[in-house]
Amino acid sequence: MCLFVLSRVPRFKEIFAKGIHAPQELAIVTVIFSLFAIFGTYSGINVEGSLVNVRIIAIIAGGILFGPWVGLITGILSGVHRFLIDIGGVTSLPCLITSITAGVVSGIIYRRTSPERRWIAAIAAGMACEALTMALILVMADPHTLGVDIVSKIAFPMIMGQICAGLIVTLVQSVEGEKERIAAKQSKLALEIANKTLPYFRSITPESLRTICGIIQEDIGADAVAITDTRVILAYVGVGEEYYAEANEIISEETKQTLSSGEITIRDDDTEYMNRDIRSLIIIPLKEKGEVTGSLKIYYTHAHKITYSLQAMAVGLSQIISTLMEVSRVEGIKEMANKAELKALQTSINPHFLFNALNAIISSIRIDPDKARELIVNLSGYMRYNLELTDESIDIRRELQQVQHYVEIEKARFGSRLSVLYDIDEVAVRIPSLVIQPLVENAIIHGILKGKGNGTVDISVKDHGDSVRVRIADTGAGISEETIAKVYSGSMEGNKIGLNNVHQRIKLIYGTGLTIHRLAKGTEIYFDVIKEQR
């Protein structure tokens, strides 16, 4: 009856329902079953100096349900207790021996018996241990007739009483069986939330993500919900949301831990969290193609709110969100590719660019005809590349060739004021078209030409094993922190889409966009291309 009541208490119910237990949970269970075993001794009926009791039932049940350590420790504690309260008693030593034996046997059953057959094994093991007790009493009793008298009176009830061990195992396992029912219920809830949020994933914006967080918060009764990528908090709704009006950099160690490890982080009674109103939290990684791309965070203002059922629902919901975001990302790739193609076509017929390039060619014709011919080849190659542009990925060497055409035209215009250095490893990867040239253009137009004097642009492609790093650095005026923030948050003005376009496309395809640093002199921008697994 006590076990039945405990199995209804949420805290203990969660422990009983788990398949794997933390050390502190095993300690709690050990204490519970040790107290049951000791109580079984005290509640026993005295028969000729012996006790008809239920101690072995508690030892066997504890070990079979929760493992060898629980069984062994419970057996030792209750056995030593039985021996000490009646030192020299006719059954004290046999009870000590069989209590410890029951702990060992229950641990073996836990290791080697399937869960479906453990209740049968519990009855058999309990009966065997009590039979051993009777045998030891017969051997050790002095006089022997006393042992025979005791065994004749207590053997049957104590051996048959071990049927209760099987009933206890069945009772606790029925609590474990609730896991499946809970998982089914929470999966249904996750699907309902997914159905409500689906329209908002068609175009992922800060507003749509806030709406999604609001729906999740309302449906699961959370006090706050947030969604992040690997850099910033994209949306936050609930307690403390006044601090997250705009995208904020992730600073909590719990979130960083989840993003780096890819594992769920749970704090069920956290008094040290940054937001003092938050006492319970669960952070689940969002993954796309096995890579962590962000996290779903659920907060409560009360302790011990992260139940097994919430974990099951949150994990299912995070998987659905990951899938929806990936689908949205694919659609976004197509849209951004179309924008990139439009911009490329606009660039190819940009009258200012053509006028400046043709002026450079005309100037070269007079003083260096060979250089003029070379520039014509560069200009024709540059324009042909833009006109043939598609939304398919291309070999990085072709993109670099386009960059070289562009650089030669600009060097002809600006002369010694512009130097370009190349550091290119021999790599064979495919990248989205028109992602390097806009970065080089940005470095020249907004970096070198806005600075004073001469400047240098470094273009490097380095093989890093599993990935290739593309890096553009310049010694120009340097990018502002405000511009960096706008690029990361996707709020760049419409007439300055070059850098923002590349960042969003790289992020959509590889999960992480551009990394932008303002240097002591100039700007550094790089991104990593993951190699395809063969």
# chains A, B, ... in the order shown; residues from 1 in each chain; ligands from 1

$ select_by_dssp --residues "region 100-236 of chain A" --states "helix (DSSP H, G or I)" --output "PyMOL selection string"
chain A and resi 100-112+115-140+144-160+163-201+206-220

$ residues_around --residues "Val148 (chain A)" --least-positions-apart "4" --cutoff "9 Å" --atoms "only C-alpha atoms" --output "PyMOL selection string"
chain A and resi 137-138+141+144+152-153

$ write_last_selection --atoms "N, CA and C atoms" --output "PDB file, in the first residue's frame"
ATOM      1  N   ILE A 137      18.287 -22.475   9.431  1.00  0.00           N
ATOM      2  CA  ILE A 137      17.741 -22.605  10.791  1.00  0.00           C
ATOM      3  C   ILE A 137      17.849 -24.046  11.262  1.00  0.00           C
ATOM      4  N   LEU A 138      17.501 -24.989  10.380  1.00  0.00           N
ATOM      5  CA  LEU A 138      17.586 -26.410  10.745  1.00  0.00           C
ATOM      6  C   LEU A 138      19.023 -26.803  11.066  1.00  0.00           C
ATOM      7  N   ALA A 141      20.252 -24.305  14.389  1.00  0.00           N
ATOM      8  CA  ALA A 141      19.471 -24.237  15.630  1.00  0.00           C
ATOM      9  C   ALA A 141      20.024 -25.201  16.677  1.00  0.00           C
ATOM     10  N   HIS A 144      18.415 -28.943  18.027  1.00  0.00           N
ATOM     11  CA  HIS A 144      17.890 -29.177  16.684  1.00  0.00           C
ATOM     12  C   HIS A 144      16.373 -29.237  16.670  1.00  0.00           C
ATOM     13  N   SER A 152       8.701 -25.765  11.032  1.00  0.00           N
ATOM     14  CA  SER A 152       7.389 -26.361  10.754  1.00  0.00           C
ATOM     15  C   SER A 152       6.268 -25.335  10.851  1.00  0.00           C
ATOM     16  N   LYS A 153       6.481 -24.299  11.645  1.00  0.00           N
ATOM     17  CA  LYS A 153       5.442 -23.299  11.841  1.00  0.00           C
ATOM     18  C   LYS A 153       5.552 -22.107  10.879  1.00  0.00           C
TER      19      LYS A 153
END

$ residues_around --residues "Thr323 (chain A)" --least-positions-apart "5" --cutoff "12 Å" --atoms "only C-alpha atoms" --output "number ranges by chain"
A: 194, 198, 201, 286-290, 293, 316-318, 328-330

$ residues_around --residues "region 429-433 of chain A" --least-positions-apart "5" --cutoff "7 Å" --atoms "only C-alpha atoms" --output "list in words"
Glu392, Ser393, Ile394, Asp395, Ile396, Glu399 and Lys531 of chain A

$ select_by_dssp --residues "region 211-334 of chain A" --states "strand (DSSP E or B)" --output "ChimeraX atom specification"
/A:224-228,232-238,248-249,265-267,280-288,291-300

$ closest_atom_pairs --of "region 477-529 of chain A" --to "region 208-230 of chain A" --cutoff "10 Å" --atoms "only C-alpha atoms" --output "JSON lines"
{"residue": "A:Gly511", "atom": "CA", "partner": "A:Thr230", "partner_atom": "CA", "distance": 8.6}
{"residue": "A:Thr512", "atom": "CA", "partner": "A:Thr230", "partner_atom": "CA", "distance": 7.5}
{"residue": "A:Gly513", "atom": "CA", "partner": "A:Thr230", "partner_atom": "CA", "distance": 10.0}

$ atom_distance --atom1 "CA of Ile60 (chain A)" --atom2 "CA of Gly161 (chain A)"
12.4 Å

$ atom_distance --atom1 "CA of Arg276 (chain A)" --atom2 "CA of Arg231 (chain A)"
23.0 Å

$ atom_distance --atom1 "CA of Glu253 (chain A)" --atom2 "CA of Tyr299 (chain A)"
15.0 Å

$ residues_around --residues "Pro115 (chain A)" --least-positions-apart "6" --cutoff "12 Å" --atoms "only C-alpha atoms" --output "mmCIF file with N, CA and C atoms, in the first residue's frame"
data_model
loop_
_atom_site.group_PDB
_atom_site.id
_atom_site.type_symbol
_atom_site.label_atom_id
_atom_site.label_comp_id
_atom_site.auth_asym_id
_atom_site.auth_seq_id
_atom_site.Cartn_x
_atom_site.Cartn_y
_atom_site.Cartn_z
ATOM 1 N N GLY A 19 14.047 4.495 -16.942
ATOM 2 C CA GLY A 19 14.808 3.281 -17.216
ATOM 3 C C GLY A 19 16.231 3.377 -16.701
ATOM 4 N N ILE A 64 15.603 -6.238 -7.972
ATOM 5 C CA ILE A 64 15.138 -6.605 -9.311
ATOM 6 C C ILE A 64 14.659 -5.381 -10.084
ATOM 7 N N LEU A 65 14.061 -4.430 -9.376
ATOM 8 C CA LEU A 65 13.525 -3.250 -10.047
ATOM 9 C C LEU A 65 14.590 -2.205 -10.358
ATOM 10 N N PHE A 66 15.564 -2.037 -9.463
ATOM 11 C CA PHE A 66 16.472 -0.892 -9.591
ATOM 12 C C PHE A 66 17.960 -1.265 -9.642
ATOM 13 N N GLY A 67 18.272 -2.547 -9.659
ATOM 14 C CA GLY A 67 19.655 -2.921 -9.900
ATOM 15 C C GLY A 67 20.393 -3.465 -8.698
ATOM 16 N N ILE A 109 19.437 -11.106 -11.184
ATOM 17 C CA ILE A 109 18.193 -11.170 -11.965
ATOM 18 C C ILE A 109 18.001 -9.886 -12.763
ATOM 19 N N ALA A 121 10.586 -14.176 -11.834
ATOM 20 C CA ALA A 121 11.896 -14.381 -11.206
ATOM 21 C C ALA A 121 11.885 -13.876 -9.760
ATOM 22 N N ALA A 122 11.144 -12.803 -9.482
ATOM 23 C CA ALA A 122 11.076 -12.268 -8.119
ATOM 24 C C ALA A 122 10.436 -13.282 -7.170
ATOM 25 N N GLY A 166 6.562 -10.627 -6.443
ATOM 26 C CA GLY A 166 6.139 -10.526 -7.841
ATOM 27 C C GLY A 166 5.093 -9.448 -8.040
ATOM 28 N N VAL A 169 6.850 -6.019 -7.960
ATOM 29 C CA VAL A 169 7.554 -5.781 -9.220
ATOM 30 C C VAL A 169 6.557 -5.390 -10.311
ATOM 31 N N THR A 170 5.430 -6.106 -10.359
ATOM 32 C CA THR A 170 4.401 -5.787 -11.355
ATOM 33 C C THR A 170 3.836 -4.391 -11.147
ATOM 34 N N VAL A 172 5.288 -1.680 -9.761
ATOM 35 C CA VAL A 172 6.222 -0.625 -10.168
ATOM 36 C C VAL A 172 6.420 -0.635 -11.678
ATOM 37 N N GLN A 173 6.437 -1.835 -12.279
ATOM 38 C CA GLN A 173 6.586 -1.896 -13.733
ATOM 39 C C GLN A 173 5.374 -1.306 -14.444
ATOM 40 N N SER A 174 4.212 -1.354 -13.803
ATOM 41 C CA SER A 174 3.040 -0.726 -14.410
ATOM 42 C C SER A 174 3.218 0.782 -14.475
ATOM 43 N N GLU A 176 6.208 2.128 -14.902
ATOM 44 C CA GLU A 176 7.119 2.270 -16.037
ATOM 45 C C GLU A 176 6.357 2.225 -17.355
ATOM 46 N N GLY A 177 5.301 1.369 -17.395
ATOM 47 C CA GLY A 177 4.513 1.256 -18.620
ATOM 48 C C GLY A 177 3.796 2.538 -18.984
#

$ closest_atom_pairs --of "region 6-106 of chain A" --to "region 124-127 of chain A" --cutoff "8 Å" --atoms "only C-alpha atoms" --output "tab-separated table"
residue	atom	partner	partner_atom	distance
A:Ile56	CA	A:Gly126	CA	6.6
A:Ile57	CA	A:Gly126	CA	6.5
A:Ile60	CA	A:Gly126	CA	6.4
A:Ala102	CA	A:Gly126	CA	7.3
A:Val105	CA	A:Ala125	CA	7.2
A:Ser106	CA	A:Ala125	CA	7.4

$ write_last_selection --atoms "N, CA and C atoms" --output "short mmCIF file (atom, residue, chain, number, x, y, z; two decimals), in the first residue's frame"
data_model
loop_
_atom_site.label_atom_id
_atom_site.label_comp_id
_atom_site.auth_asym_id
_atom_site.auth_seq_id
_atom_site.Cartn_x
_atom_site.Cartn_y
_atom_site.Cartn_z
N ILE A 56 12.54 -10.04 3.18
CA ILE A 56 13.11 -10.54 1.92
C ILE A 56 12.34 -10.00 0.72
N ILE A 57 11.02 -9.79 0.89
CA ILE A 57 10.21 -9.25 -0.21
C ILE A 57 10.74 -7.89 -0.65
N ILE A 60 14.31 -8.29 -2.39
CA ILE A 60 14.20 -8.86 -3.74
C ILE A 60 13.59 -7.85 -4.70
N ALA A 102 19.85 -12.52 -0.77
CA ALA A 102 18.73 -12.00 -1.56
C ALA A 102 19.15 -10.75 -2.33
N VAL A 105 21.31 -12.00 -5.31
CA VAL A 105 20.49 -12.70 -6.30
C VAL A 105 19.61 -11.72 -7.08
N SER A 106 19.02 -10.75 -6.39
CA SER A 106 18.15 -9.79 -7.08
C SER A 106 18.93 -8.97 -8.09
#

$ closest_residue --among "A:Leu324, A:Ala412, A:Leu35, A:Ile306" --to "Ile362 (chain A)" --atoms "only C-alpha atoms"
A:Ala412

$ residues_around --residues "Thr483 (chain A)" --least-positions-apart "2" --cutoff "10 Å" --atoms "only C-alpha atoms" --output "MDAnalysis selection string"
chainID A and resid 479:481 485:489 491:493 499:500 516

$ decode --residues "region 431-455 of chain A" --atoms "N, CA and C atoms" --output "PDB file, in the first residue's frame"
ATOM      1  N   ILE A 431      30.156  25.227 -54.212  1.00  0.00           N
ATOM      2  CA  ILE A 431      29.587  26.281 -53.373  1.00  0.00           C
ATOM      3  C   ILE A 431      28.464  26.982 -54.135  1.00  0.00           C
ATOM      4  N   PRO A 432      27.596  27.717 -53.457  1.00  0.00           N
ATOM      5  CA  PRO A 432      26.586  28.501 -54.171  1.00  0.00           C
ATOM      6  C   PRO A 432      27.267  29.549 -55.051  1.00  0.00           C
ATOM      7  N   SER A 433      26.698  29.823 -56.188  1.00  0.00           N
ATOM      8  CA  SER A 433      27.303  30.816 -57.073  1.00  0.00           C
ATOM      9  C   SER A 433      27.153  32.211 -56.482  1.00  0.00           C
ATOM     10  N   LEU A 434      28.102  33.045 -56.813  1.00  0.00           N
ATOM     11  CA  LEU A 434      28.104  34.456 -56.434  1.00  0.00           C
ATOM     12  C   LEU A 434      28.071  34.660 -54.909  1.00  0.00           C
ATOM     13  N   VAL A 435      29.010  33.997 -54.209  1.00  0.00           N
ATOM     14  CA  VAL A 435      29.133  34.257 -52.769  1.00  0.00           C
ATOM     15  C   VAL A 435      30.499  34.864 -52.421  1.00  0.00           C
ATOM     16  N   ILE A 436      31.517  34.631 -53.264  1.00  0.00           N
ATOM     17  CA  ILE A 436      32.839  35.188 -52.969  1.00  0.00           C
ATOM     18  C   ILE A 436      32.983  36.573 -53.592  1.00  0.00           C
ATOM     19  N   GLN A 437      32.533  36.725 -54.845  1.00  0.00           N
ATOM     20  CA  GLN A 437      32.701  38.012 -55.540  1.00  0.00           C
ATOM     21  C   GLN A 437      32.035  39.182 -54.805  1.00  0.00           C
ATOM     22  N   PRO A 438      30.806  39.028 -54.274  1.00  0.00           N
ATOM     23  CA  PRO A 438      30.228  40.156 -53.534  1.00  0.00           C
ATOM     24  C   PRO A 438      31.042  40.540 -52.301  1.00  0.00           C
ATOM     25  N   LEU A 439      31.695  39.557 -51.666  1.00  0.00           N
ATOM     26  CA  LEU A 439      32.521  39.865 -50.502  1.00  0.00           C
ATOM     27  C   LEU A 439      33.776  40.638 -50.915  1.00  0.00           C
ATOM     28  N   VAL A 440      34.357  40.235 -52.036  1.00  0.00           N
ATOM     29  CA  VAL A 440      35.525  40.960 -52.546  1.00  0.00           C
ATOM     30  C   VAL A 440      35.127  42.369 -52.971  1.00  0.00           C
ATOM     31  N   GLU A 441      33.985  42.484 -53.651  1.00  0.00           N
ATOM     32  CA  GLU A 441      33.479  43.796 -54.062  1.00  0.00           C
ATOM     33  C   GLU A 441      33.246  44.673 -52.837  1.00  0.00           C
ATOM     34  N   ASN A 442      32.666  44.088 -51.801  1.00  0.00           N
ATOM     35  CA  ASN A 442      32.410  44.836 -50.566  1.00  0.00           C
ATOM     36  C   ASN A 442      33.719  45.321 -49.949  1.00  0.00           C
ATOM     37  N   ALA A 443      34.750  44.444 -49.963  1.00  0.00           N
ATOM     38  CA  ALA A 443      36.044  44.807 -49.383  1.00  0.00           C
ATOM     39  C   ALA A 443      36.689  45.965 -50.141  1.00  0.00           C
ATOM     40  N   ILE A 444      36.522  45.968 -51.462  1.00  0.00           N
ATOM     41  CA  ILE A 444      37.135  47.027 -52.271  1.00  0.00           C
ATOM     42  C   ILE A 444      36.349  48.336 -52.172  1.00  0.00           C
ATOM     43  N   ILE A 445      35.040  48.265 -52.439  1.00  0.00           N
ATOM     44  CA  ILE A 445      34.220  49.483 -52.519  1.00  0.00           C
ATOM     45  C   ILE A 445      34.037  50.115 -51.142  1.00  0.00           C
ATOM     46  N   HIS A 446      33.678  49.283 -50.149  1.00  0.00           N
ATOM     47  CA  HIS A 446      33.355  49.825 -48.822  1.00  0.00           C
ATOM     48  C   HIS A 446      34.534  49.760 -47.850  1.00  0.00           C
ATOM     49  N   GLY A 447      35.604  49.116 -48.276  1.00  0.00           N
ATOM     50  CA  GLY A 447      36.774  49.027 -47.411  1.00  0.00           C
ATOM     51  C   GLY A 447      37.927  49.875 -47.902  1.00  0.00           C
ATOM     52  N   ILE A 448      38.566  49.441 -48.984  1.00  0.00           N
ATOM     53  CA  ILE A 448      39.764  50.108 -49.491  1.00  0.00           C
ATOM     54  C   ILE A 448      39.461  51.534 -49.959  1.00  0.00           C
ATOM     55  N   LEU A 449      38.419  51.686 -50.768  1.00  0.00           N
ATOM     56  CA  LEU A 449      38.152  52.998 -51.361  1.00  0.00           C
ATOM     57  C   LEU A 449      37.631  54.006 -50.349  1.00  0.00           C
ATOM     58  N   LYS A 450      37.103  53.535 -49.233  1.00  0.00           N
ATOM     59  CA  LYS A 450      36.649  54.469 -48.200  1.00  0.00           C
ATOM     60  C   LYS A 450      37.748  54.822 -47.212  1.00  0.00           C
ATOM     61  N   GLY A 451      38.858  54.122 -47.310  1.00  0.00           N
ATOM     62  CA  GLY A 451      40.008  54.429 -46.452  1.00  0.00           C
ATOM     63  C   GLY A 451      40.937  55.412 -47.143  1.00  0.00           C
ATOM     64  N   LYS A 452      41.963  55.749 -46.428  1.00  0.00           N
ATOM     65  CA  LYS A 452      42.945  56.677 -46.994  1.00  0.00           C
ATOM     66  C   LYS A 452      44.153  55.894 -47.508  1.00  0.00           C
ATOM     67  N   GLY A 453      44.666  56.326 -48.668  1.00  0.00           N
ATOM     68  CA  GLY A 453      45.873  55.712 -49.209  1.00  0.00           C
ATOM     69  C   GLY A 453      45.599  54.364 -49.842  1.00  0.00           C
ATOM     70  N   ASN A 454      46.671  53.586 -49.970  1.00  0.00           N
ATOM     71  CA  ASN A 454      46.590  52.282 -50.622  1.00  0.00           C
ATOM     72  C   ASN A 454      46.003  51.241 -49.671  1.00  0.00           C
ATOM     73  N   GLY A 455      45.525  50.150 -50.246  1.00  0.00           N
ATOM     74  CA  GLY A 455      44.976  49.076 -49.427  1.00  0.00           C
ATOM     75  C   GLY A 455      45.169  47.728 -50.077  1.00  0.00           C
TER      76      GLY A 455
END
